[in-house]
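Pasting structure_2.cif here (mmCIF, C-alpha atoms):
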```
data_my_file
loop_
_atom_site.label_atom_id
_atom_site.label_comp_id
_atom_site.auth_asym_id
_atom_site.auth_seq_id
_atom_site.Cartn_x
_atom_site.Cartn_y
_atom_site.Cartn_z
CA MET A 1241 -0.60 28.66 0.65
CA SER A 1242 -3.78 30.64 1.04
CA GLN A 1243 -4.16 32.04 4.53
CA GLY A 1244 -7.92 32.55 4.27
CA ALA A 1245 -9.03 28.91 4.53
CA LEU A 1246 -7.43 26.54 7.03
CA VAL A 1247 -8.03 22.80 6.87
CA LYS A 1248 -7.05 19.94 9.16
CA ARG A 1249 -4.72 17.39 7.61
CA GLN A 1250 -3.60 14.03 8.90
CA PHE A 1251 -0.04 12.88 8.19
CA GLY A 1252 1.89 9.77 9.11
CA HIS A 1253 5.51 9.52 10.18
CA ARG A 1254 7.18 6.13 10.55
CA ALA A 1255 10.23 5.48 12.72
CA ARG A 1256 12.18 2.37 13.67
CA LEU A 1257 11.91 1.12 17.24
CA ALA A 1258 14.86 -0.16 19.27
CA LEU A 1259 13.09 -2.86 21.25
CA SER A 1260 14.84 -5.23 23.63
CA PRO A 1261 14.28 -9.00 23.17
CA ALA A 1262 11.66 -8.88 25.92
CA GLY A 1263 10.01 -5.90 24.24
CA VAL A 1264 9.92 -7.75 20.90
CA ARG A 1265 8.19 -10.71 22.55
CA ALA A 1266 5.68 -8.40 24.23
CA ALA A 1267 4.92 -6.59 20.96
CA ASP A 1268 4.59 -9.94 19.14
CA ASP A 1269 2.15 -11.20 21.76
CA GLN A 1270 0.04 -8.05 21.44
CA ALA A 1271 -0.03 -8.35 17.64
CA HIS A 1272 -1.11 -12.01 17.79
CA ALA A 1273 -3.78 -11.09 20.35
CA ALA A 1274 -5.06 -8.29 18.07
CA ARG A 1275 -5.24 -10.71 15.13
CA THR A 1276 -7.08 -13.26 17.28
CA MET A 1277 -9.47 -10.54 18.44
CA TRP A 1278 -10.26 -9.72 14.81
CA ASN A 1279 -10.93 -13.39 14.01
CA LEU A 1280 -13.17 -13.76 17.07
CA LEU A 1281 -15.12 -10.67 16.02
CA HIS A 1282 -15.53 -12.11 12.53
CA ALA A 1283 -16.79 -15.43 13.93
CA TRP A 1284 -19.18 -13.52 16.24
CA TRP A 1285 -20.44 -11.50 13.27
CA GLN A 1286 -21.21 -14.62 11.24
CA MET A 1287 -22.92 -16.32 14.18
CA MET A 1288 -25.14 -13.46 15.38
CA PRO A 1289 -28.48 -12.56 13.72
CA LYS A 1290 -28.46 -9.38 11.66
CA GLY A 1291 -30.46 -7.43 14.21
CA LYS A 1292 -27.90 -8.03 16.97
CA ARG A 1293 -24.77 -7.03 15.02
CA THR A 1294 -24.33 -3.76 16.87
CA PRO A 1295 -21.19 -2.10 18.29
CA ALA A 1296 -22.61 -2.36 21.80
CA ASN A 1297 -23.12 -6.13 21.56
CA ALA A 1298 -19.68 -6.53 19.97
CA ASP A 1299 -18.08 -4.52 22.77
CA ALA A 1300 -19.74 -6.76 25.36
CA ALA A 1301 -18.46 -9.84 23.50
CA ILE A 1302 -14.94 -8.42 23.49
CA ARG A 1303 -15.00 -7.74 27.21
CA GLN A 1304 -16.21 -11.27 27.91
CA ALA A 1305 -13.54 -12.76 25.64
CA ARG A 1306 -10.79 -10.84 27.47
CA GLN A 1307 -11.99 -12.40 30.72
CA ASP A 1308 -12.33 -15.94 29.36
CA ILE A 1309 -9.16 -16.13 27.23
CA ASP A 1310 -6.01 -15.37 29.19
CA PHE A 1311 -3.63 -14.42 26.37
CA LEU A 1312 -6.04 -11.75 25.07
CA ALA A 1313 -5.37 -9.77 28.25
CA VAL A 1314 -1.88 -8.83 26.94
CA LEU A 1315 -3.63 -6.56 24.43
CA PRO A 1316 -4.41 -3.14 25.98
CA ALA A 1317 -8.11 -2.37 26.31
CA GLN A 1318 -7.87 0.67 23.99
CA ALA A 1319 -6.12 -1.42 21.34
CA ALA A 1320 -8.94 -3.96 21.56
CA GLN A 1321 -11.46 -1.16 21.03
CA ALA A 1322 -9.44 -0.03 18.00
CA VAL A 1323 -9.79 -3.56 16.54
CA LEU A 1324 -13.55 -3.32 17.01
CA LYS A 1325 -13.71 0.10 15.35
CA THR A 1326 -11.56 -1.05 12.43
CA TYR A 1327 -13.69 -4.16 11.90
CA PHE A 1328 -16.95 -2.21 11.72
CA GLN A 1329 -15.31 0.34 9.43
CA ALA A 1330 -14.25 -2.51 7.13
CA TRP A 1331 -17.87 -3.63 6.80
CA LYS A 1332 -18.96 -0.05 6.14
CA SER A 1333 -16.40 0.26 3.35
CA CYS A 1334 -17.65 -3.03 1.92
CA TRP A 1335 -21.28 -1.91 1.92
CA GLU A 1336 -20.32 1.32 0.16
CA GLY A 1337 -18.53 -0.69 -2.54
CA ARG A 1338 -15.04 0.59 -1.73
CA ALA A 1339 -13.51 -2.68 -0.51
CA ASP A 1340 -14.03 -6.41 -0.24
CA ALA A 1341 -15.78 -8.00 2.70
CA PRO A 1342 -13.65 -8.57 5.84
CA ASN A 1343 -12.29 -12.07 6.28
CA PHE A 1344 -10.25 -14.14 8.71
CA LYS A 1345 -6.64 -13.06 9.17
CA GLY A 1346 -4.13 -15.87 8.80
CA ARG A 1347 -1.00 -16.13 10.91
CA ILE A 1348 1.47 -16.16 8.01
CA ARG A 1349 0.29 -13.53 5.53
CA THR A 1350 -1.16 -11.00 7.96
CA VAL A 1351 0.93 -7.93 8.78
CA MET A 1352 1.53 -7.84 12.53
CA SER A 1353 0.30 -4.55 13.95
CA VAL A 1354 -1.10 -3.00 17.13
CA ASP A 1355 -2.95 0.31 17.33
CA ILE A 1356 -2.38 2.96 20.03
CA PRO A 1357 -5.45 5.20 19.57
CA GLN A 1358 -4.66 7.82 22.25
CA GLY A 1359 -1.81 10.22 21.55
CA ARG A 1360 -1.55 11.29 25.18
CA ASP A 1361 -0.49 7.76 26.17
CA LEU A 1362 2.69 8.01 24.10
CA ASN A 1363 4.49 10.61 26.25
CA ILE A 1364 7.10 11.34 23.55
CA THR A 1365 10.38 12.97 24.53
CA ARG A 1366 13.49 13.72 22.52
CA VAL A 1367 16.71 12.30 23.96
CA HIS A 1368 19.15 13.90 21.53
CA ARG A 1369 19.56 14.53 17.81
CA ARG A 1370 19.14 10.93 16.65
CA TRP A 1371 16.90 9.26 19.22
CA GLY A 1372 13.60 9.82 21.00
CA MET A 1373 11.64 7.94 23.65
CA VAL A 1374 8.03 6.80 23.48
CA ASN A 1375 5.78 4.99 25.93
CA ILE A 1376 4.15 1.84 24.51
CA PRO A 1377 1.31 0.41 26.63
CA LYS A 1378 2.29 -2.85 28.40
CA VAL A 1379 5.78 -2.67 26.85
CA GLY A 1380 7.32 0.38 28.52
CA ARG A 1381 9.64 3.18 27.42
CA VAL A 1382 11.24 2.43 24.07
CA ARG A 1383 13.76 4.35 21.98
CA PHE A 1384 12.98 5.21 18.35
CA ARG A 1385 14.93 6.86 15.55
CA TRP A 1386 14.26 10.60 15.44
CA THR A 1387 14.34 11.32 11.70
CA LYS A 1388 11.69 14.05 11.57
CA ASP A 1389 10.60 16.77 13.98
CA LEU A 1390 7.39 15.83 15.80
CA PRO A 1391 4.93 18.21 17.51
CA VAL A 1392 5.82 17.37 21.12
CA GLY A 1393 6.32 19.55 24.19
CA LYS A 1394 6.11 23.27 23.48
CA HIS A 1395 5.73 22.56 19.75
CA ALA A 1396 2.42 20.74 20.29
CA GLY A 1397 -0.98 22.38 20.49
CA ALA A 1398 -4.61 21.99 19.54
CA GLU A 1399 -3.76 22.74 15.91
CA ASN A 1400 -0.61 20.62 15.68
CA ARG A 1401 -0.47 17.44 17.70
CA ILE A 1402 -0.02 13.66 17.64
CA THR A 1403 -3.39 11.92 17.79
CA GLY A 1404 -2.16 8.32 18.04
CA ALA A 1405 0.21 5.74 16.61
CA ARG A 1406 0.40 2.24 15.24
CA LEU A 1407 3.02 -0.45 15.75
CA VAL A 1408 3.89 -2.31 12.55
CA LYS A 1409 6.32 -5.19 12.05
CA ASP A 1410 8.15 -5.85 8.79
CA ALA A 1411 11.36 -7.58 7.72
CA LEU A 1412 13.46 -4.97 9.56
CA GLY A 1413 11.61 -5.38 12.85
CA TRP A 1414 9.11 -3.23 14.70
CA HIS A 1415 8.31 0.33 13.63
CA ILE A 1416 5.99 2.97 15.03
CA ALA A 1417 3.85 5.11 12.73
CA PHE A 1418 2.74 8.37 14.37
CA ARG A 1419 -0.52 10.01 13.30
CA VAL A 1420 0.09 13.77 13.19
CA GLN A 1421 -2.80 16.21 12.86
CA THR A 1422 -1.96 19.72 11.76
CA LEU A 1423 -3.82 22.82 10.62
CA GLN A 1424 -2.64 24.09 7.26
CA GLY A 1425 -3.70 26.72 4.81
CA LYS A 1426 -5.54 25.60 1.72
CA PRO A 1427 -3.06 25.61 -1.20
CA ASP A 1428 -3.47 28.04 -4.06
CA PRO A 1429 -4.37 26.52 -7.45
CA HIS A 1430 -1.28 25.13 -9.17
CA GLN A 1431 -0.37 27.19 -12.21
CA GLY A 1432 1.72 24.50 -13.88
CA PRO A 1433 0.91 22.97 -17.30
CA ASP A 1434 -1.19 19.87 -17.98
CA VAL A 1435 0.56 16.56 -18.58
CA GLY A 1436 -0.50 13.05 -19.59
CA ILE A 1437 1.22 9.99 -18.17
CA ASP A 1438 1.65 6.56 -19.72
CA VAL A 1439 2.90 3.80 -17.40
CA GLY A 1440 4.67 0.72 -18.63
CA VAL A 1441 7.12 -2.05 -17.85
CA THR A 1442 10.09 -1.18 -20.05
CA VAL A 1443 9.61 2.58 -19.52
CA PRO A 1444 7.95 2.96 -16.09
CA ILE A 1445 6.69 6.54 -16.57
CA ALA A 1446 6.48 8.47 -19.85
CA LEU A 1447 5.08 12.02 -20.02
CA SER A 1448 3.29 13.72 -22.89
CA ASP A 1449 6.00 16.42 -23.13
CA GLY A 1450 8.66 13.81 -23.94
CA GLU A 1451 10.09 13.39 -20.42
CA THR A 1452 10.65 9.86 -19.14
CA TYR A 1453 11.48 8.45 -15.70
CA GLU A 1454 13.29 5.13 -15.57
CA HIS A 1455 15.05 3.02 -12.97
CA GLY A 1456 17.36 0.05 -12.87
CA GLU A 1457 17.05 -3.20 -10.97
CA TRP A 1458 16.08 -2.83 -7.34
CA LEU A 1459 18.73 -5.36 -6.27
CA THR A 1460 22.35 -5.56 -7.37
CA ASP A 1461 23.73 -8.61 -9.18
CA LYS A 1462 25.27 -9.88 -5.97
CA GLU A 1463 22.02 -9.40 -4.05
CA ARG A 1464 19.98 -11.17 -6.75
CA ALA A 1465 22.39 -14.10 -6.71
CA ARG A 1466 22.11 -14.22 -2.94
CA LEU A 1467 18.30 -14.17 -3.14
CA LEU A 1468 18.27 -17.03 -5.65
CA HIS A 1469 20.61 -19.06 -3.45
CA LEU A 1470 18.37 -18.52 -0.41
CA GLU A 1471 15.21 -19.45 -2.32
CA GLN A 1472 16.84 -22.66 -3.55
CA ARG A 1473 18.00 -23.47 -0.02
CA ALA A 1474 14.50 -22.91 1.36
CA ALA A 1475 13.01 -25.14 -1.35
CA ARG A 1476 15.44 -27.97 -0.52
CA ARG A 1477 14.79 -27.75 3.21
CA LYS A 1478 11.05 -27.62 2.66
CA GLN A 1479 11.24 -30.63 0.36
CA HIS A 1480 12.97 -32.78 2.99
CA ARG A 1481 10.58 -31.78 5.76
CA LYS A 1482 8.10 -34.48 6.73
CA PRO A 1483 4.41 -33.74 6.18
CA GLY A 1484 2.88 -32.18 9.26
CA ALA A 1485 6.26 -31.49 10.91
CA ARG A 1486 6.98 -28.06 12.36
CA THR A 1487 9.15 -25.66 10.42
CA SER A 1488 12.74 -25.84 11.64
CA ARG A 1489 14.61 -22.85 12.98
CA ARG A 1490 17.03 -23.05 10.07
CA LEU A 1491 14.18 -22.79 7.57
CA HIS A 1492 12.68 -19.87 9.53
CA ARG A 1493 16.08 -18.20 9.41
CA THR A 1494 16.24 -18.67 5.64
CA TYR A 1495 12.74 -17.25 5.25
CA ASP A 1496 13.77 -14.19 7.31
CA GLN A 1497 16.82 -13.63 5.08
CA ILE A 1498 14.64 -13.85 1.94
CA ALA A 1499 12.15 -11.40 3.45
CA GLY A 1500 15.00 -9.02 4.30
CA LEU A 1501 16.26 -8.88 0.70
CA ARG A 1502 12.77 -8.44 -0.70
CA ALA A 1503 12.08 -5.68 1.82
CA LYS A 1504 15.27 -3.93 0.70
CA ALA A 1505 14.08 -4.02 -2.91
CA LYS A 1506 10.67 -2.65 -1.88
CA ARG A 1507 12.24 0.22 0.07
CA ARG A 1508 14.31 1.22 -2.96
CA ALA A 1509 11.21 1.07 -5.17
CA LEU A 1510 9.25 3.23 -2.71
CA ASP A 1511 12.08 5.74 -2.55
CA TRP A 1512 12.14 6.05 -6.35
CA GLN A 1513 8.36 6.37 -6.55
CA HIS A 1514 8.22 9.05 -3.86
CA LYS A 1515 10.96 11.14 -5.47
CA THR A 1516 9.50 10.80 -8.98
CA THR A 1517 5.91 11.59 -8.02
CA THR A 1518 7.05 14.58 -5.95
CA VAL A 1519 8.84 16.07 -8.96
CA ILE A 1520 5.78 15.53 -11.17
CA ALA A 1521 3.35 17.00 -8.60
CA ARG A 1522 5.53 20.09 -8.16
CA THR A 1523 5.99 20.66 -11.90
CA TYR A 1524 2.51 20.13 -13.34
CA GLY A 1525 -0.87 21.54 -12.35
CA THR A 1526 -3.04 18.79 -13.84
CA VAL A 1527 -1.84 15.20 -14.07
CA VAL A 1528 -3.82 12.82 -16.29
CA VAL A 1529 -3.46 9.03 -16.00
CA GLU A 1530 -5.22 6.00 -17.46
CA ALA A 1531 -7.93 4.22 -15.46
CA LEU A 1532 -6.30 0.80 -15.60
CA ALA A 1533 -7.95 -2.37 -14.30
CA ILE A 1534 -4.67 -3.70 -12.91
CA THR A 1535 -6.31 -6.67 -11.17
CA ASN A 1536 -7.61 -7.93 -14.51
CA MET A 1537 -4.28 -7.29 -16.22
CA VAL A 1538 -2.36 -9.60 -13.87
CA LYS A 1539 -4.76 -12.54 -14.00
CA SER A 1540 -3.18 -15.91 -14.65
CA ALA A 1541 -3.29 -17.40 -18.15
CA ARG A 1542 -3.01 -20.97 -16.86
CA GLY A 1543 -6.58 -21.88 -17.79
CA THR A 1544 -8.13 -25.24 -16.91
CA ILE A 1545 -7.31 -28.89 -17.57
CA GLU A 1546 -9.90 -29.01 -20.34
CA GLU A 1547 -8.79 -25.69 -21.87
CA PRO A 1548 -5.18 -24.96 -20.88
CA GLY A 1549 -3.83 -21.48 -21.47
CA LYS A 1550 -1.22 -20.40 -23.99
CA ASN A 1551 2.17 -18.76 -23.31
CA VAL A 1552 1.62 -19.28 -19.58
CA ALA A 1553 5.27 -18.75 -18.61
CA ARG A 1554 5.51 -15.52 -20.65
CA LYS A 1555 2.27 -14.19 -19.15
CA SER A 1556 3.49 -15.05 -15.65
CA GLY A 1557 6.66 -13.04 -16.25
CA LEU A 1558 4.60 -10.10 -17.51
CA ASN A 1559 2.35 -10.30 -14.45
CA ARG A 1560 5.39 -10.19 -12.16
CA SER A 1561 6.75 -7.17 -14.01
CA ILE A 1562 3.43 -5.32 -13.77
CA SER A 1563 3.12 -6.09 -10.06
CA GLY A 1564 6.72 -5.02 -9.49
CA GLU A 1565 6.11 -1.59 -11.01
CA ALA A 1566 3.17 -0.97 -8.61
CA TRP A 1567 1.25 1.36 -10.93
CA GLY A 1568 -1.61 1.70 -8.45
CA ARG A 1569 0.76 2.91 -5.73
CA THR A 1570 2.18 5.51 -8.13
CA VAL A 1571 -1.31 6.85 -8.86
CA THR A 1572 -2.10 6.94 -5.14
CA MET A 1573 1.02 9.00 -4.43
CA LEU A 1574 0.22 11.39 -7.28
CA THR A 1575 -3.34 11.79 -5.99
CA TYR A 1576 -2.49 13.11 -2.55
CA LYS A 1577 0.65 14.99 -3.61
CA THR A 1578 -1.11 16.94 -6.36
CA ALA A 1579 -3.96 17.78 -3.96
CA ARG A 1580 -1.49 18.93 -1.31
CA LEU A 1581 0.21 21.27 -3.80
CA GLY A 1582 -2.98 22.68 -5.31
CA GLY A 1583 -3.03 20.50 -8.43
CA THR A 1584 -5.52 17.93 -9.67
CA LEU A 1585 -5.33 14.34 -10.91
CA ALA A 1586 -7.73 13.05 -13.54
CA LYS A 1587 -8.33 9.59 -14.99
CA VAL A 1588 -9.34 8.84 -18.57
CA PRO A 1589 -10.43 5.60 -20.29
CA ALA A 1590 -7.48 3.37 -21.18
CA PRO A 1591 -8.57 1.58 -24.41
CA HIS A 1592 -6.68 2.39 -27.64
CA THR A 1593 -4.31 4.99 -26.16
CA SER A 1594 -1.34 2.99 -27.45
CA ARG A 1595 -2.89 2.37 -30.91
CA ARG A 1596 -4.06 5.87 -31.76
CA CYS A 1597 -1.85 8.34 -33.58
CA SER A 1598 -1.58 11.48 -31.47
CA ALA A 1599 -0.97 13.59 -34.59
CA CYS A 1600 -3.96 12.66 -36.78
CA GLY A 1601 -6.16 10.40 -34.64
CA PHE A 1602 -5.90 7.33 -36.90
CA THR A 1603 -6.26 4.14 -34.82
CA THR A 1604 -4.95 0.72 -35.85
CA PRO A 1605 -2.97 -2.05 -34.07
CA ASP A 1606 -0.39 -2.15 -36.89
CA SER A 1607 0.93 1.34 -36.14
CA ARG A 1608 2.97 0.13 -33.17
CA GLU A 1609 5.90 -1.57 -34.86
CA SER A 1610 7.70 -2.45 -31.60
CA GLN A 1611 7.67 -1.64 -27.93
CA ALA A 1612 9.39 1.71 -28.50
CA VAL A 1613 8.50 2.70 -32.08
CA PHE A 1614 5.15 4.03 -33.31
CA VAL A 1615 4.59 4.70 -37.03
CA CYS A 1616 1.21 6.00 -38.19
CA ARG A 1617 -0.28 3.88 -41.01
CA ASN A 1618 -2.41 6.74 -42.30
CA PRO A 1619 -1.03 7.58 -45.78
CA ASP A 1620 -1.82 11.27 -45.25
CA CYS A 1621 0.06 11.42 -41.92
CA GLY A 1622 3.01 9.05 -41.53
CA TRP A 1623 4.01 10.45 -38.12
CA SER A 1624 6.58 8.40 -36.25
CA GLY A 1625 7.99 8.65 -32.76
CA ASN A 1626 8.33 6.98 -29.41
CA ALA A 1627 5.35 4.74 -28.62
CA ASP A 1628 5.20 5.64 -24.93
CA HIS A 1629 5.36 9.36 -25.73
CA ASN A 1630 2.55 8.89 -28.24
CA ALA A 1631 0.38 7.08 -25.68
CA ALA A 1632 0.94 9.82 -23.09
CA ARG A 1633 -0.12 12.46 -25.62
CA ASN A 1634 -3.31 10.48 -26.29
CA VAL A 1635 -4.02 10.33 -22.55
CA LEU A 1636 -3.76 14.12 -22.35
CA HIS A 1637 -5.91 14.46 -25.50
CA LEU A 1638 -8.74 12.46 -23.91
CA TYR A 1639 -8.71 14.78 -20.89
CA ARG A 1640 -8.83 17.90 -23.04
CA MET A 1641 -11.74 16.41 -24.99
CA GLY A 1642 -13.70 16.19 -21.73
CA LEU A 1643 -13.55 12.40 -21.37
CA ALA A 1644 -12.19 12.35 -17.80
CA LEU A 1645 -13.89 9.83 -15.53
CA ILE A 1646 -15.89 11.57 -12.79
CA PRO A 1647 -15.90 9.77 -9.41
CA ALA A 1648 -19.30 9.02 -7.94
CA ALA A 1649 -20.17 11.00 -4.79
CA GLY A 1650 -16.65 12.34 -4.49
CA ARG A 1651 -14.92 8.97 -4.26
CA ALA A 1652 -13.36 6.49 -6.62
CA VAL A 1653 -15.70 3.97 -8.23
CA VAL A 1654 -14.62 0.46 -7.32
CA ARG A 1655 -16.14 -2.70 -8.73
CA ARG A 1656 -18.03 -4.62 -6.06
CA ALA A 1657 -16.50 -7.96 -5.17
CA LYS A 1658 -18.35 -11.12 -6.12
CA ARG A 1659 -20.60 -12.84 -3.57
CA VAL A 1660 -21.02 -9.56 -1.65
CA LYS A 1661 -24.60 -8.43 -1.18
CA PRO A 1662 -25.46 -4.74 -1.64
CA ALA A 1663 -26.24 -2.65 1.41
CA ALA A 1664 -29.97 -2.83 0.82
CA ALA A 1665 -29.93 -6.63 1.09
CA ARG A 1666 -28.40 -6.65 4.58
#
```
structure tokens encoding of this file:
Amino acid sequence: MSQGALVKRQFGHRARLALSPAGVRAADDQAHAARTMWNLLHAWWQMMPKGKRTPANADAAIRQARQDIDFLAVLPAQAAQAVLKTYFQAWKSCWEGRADAPNFKGRIRTVMSVDIPQGRDLNITRVHRRWGMVNIPKVGRVRFRWTKDLPVGKHAGAENRITGARLVKDALGWHIAFRVQTLQGKPDPHQGPDVGIDVGVTVPIALSDGETYEHGEWLTDKERARLLHLEQRAARRKQHRKPGARTSRRLHRTYDQIAGLRAKAKRRALDWQHKTTTVIARTYGTVVVEALAITNMVKSARGTIEEPGKNVARKSGLNRSISGEAWGRTVTMLTYKTARLGGTLAKVPAPHTSRRCSACGFTTPDSRESQAVFVCRNPDCGWSGNADHNAARNVLHLYRMGLALIPAAGRAVVRRAKRVKPAAAR
């Protein structure tokens, strides 16, 4: 680390909460109130003329809603202000072309969360080696798992402190994510070599120097059999449910068990991705990846009634495999980890990296004999080797030829969503 330049960095640390049944109900009520507040803001935004869509008018509408609707009062006032700030930030990101337009949040698919914007309200103390205590507004003092040292007490200061937190609920229950702000030295430039990366389904990560990173199934055979059994049980119970009838407690219990197994698989995938990307960021100074349009790659091949698609089942399986590998999340991890260690991440155009011979540059679809074997069809070359290794070498070649994609205005270029007007039209 260079001691000359100090920069502020924001980190997140997530810990599991040990809430009582009453605390779980209180946190659930706050999360539903926050979601309702978002939906009311969205309805207000669509109803108001453009000239009156200001934060001041929105704040007045929120205050009136908290007086008129009783169950919104369970949400702390600062958490309601955080919903307002997040909503306006979502529109700003949309106008800048970095995200889609905000929309209504449904009860089923929305992640339940509540923001605690003020770090001083948390009053964090450490009980002993494994547990700490935190104050949650309108819930009370709650224990949480102490898995990482936090800047509290004499360890906290203006340069190293907790600025806030966020409550998030998943299949394991409620967690708290602390926002930690610290002052760190700017890292020295990474002196490691350059490397190209090719991502795939059969071989998740292949490097241009011949190294590969692979993983097995995220669930064991017994766990996969259990998941299939639960999905079949849920389908049977849903089939026998009368239209319009409420979901039974047994079906809810089955859904919770399915979500628990899927969450276990996701945690194992995240663990593998974090460990793999950390090794790559520490080893190499410049990491080069393909600029993949993953959203277009996982589009359905079902087609229409007039023009039905071909090989729909096979394409659906490929889409599931691509989504399961989470290539975008891998690139995101590499982006901030390389920057934290003084390295850089570059993106290059993706077309023809798997068809080009990395030895002579001859490009043809016939050179890739199978998923793993590449044989150059150029009579003067005839190079053969691993197809993923060859693609990774081509990715690195594009970077060295100066074909790296340059972000506009220091940010990633994202295609604007359809039916979204540009900022000038608002």
Taking a cut-off of 12 Å and counting all atoms listed in the file, can you build a table that, for each residue of segment 1361-1459 of chain A near segment 1464-1472 of chain A, reports the nearest atom pair and how far apart they are in Å (one decimal), sorted by chain then residue number, as a tab-separated table?
```
residue	atom	partner	partner_atom	distance
A:Glu1457	CA	A:Arg1464	CA	9.5
A:Trp1458	CA	A:Arg1464	CA	9.2
A:Leu1459	CA	A:Arg1464	CA	6.0
```
Using all atoms listed in the file, the residue out of A:Ala1267, A:Gln1513, A:Arg1477, A:Val1408 with shortest distance to His1455 of chain A is A:Gln1513
Taking into account all atoms listed in the file, which residue in the set A:Gly1500, A:Gly1564, A:Gly1583, A:Gly1263 is nearest to Pro1444 of chain A?
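Result for the nearest residue to Pro1444 of chain A: A:Gly1564.
Interatomic distance, atom CA of Thr1276 of chain A against atom CA of Phe1344 of chain A: 9.2 Å.
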With distances taken over all atoms listed in the file, which residue among A:Trp1331, A:Leu1585, A:Asn1559, A:Arg1256 lies nearest Val1374 of chain A?
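The closest residue to Val1374 of chain A is A:Arg1256.
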Check what the PyMOL selection byres ((chain A and resi 1574) around 10) selects in the file above and give those residues as a PyMOL selection string.
chain A and resi 1513-1514+1516-1521+1527-1529+1568-1573+1575-1580+1583-1585
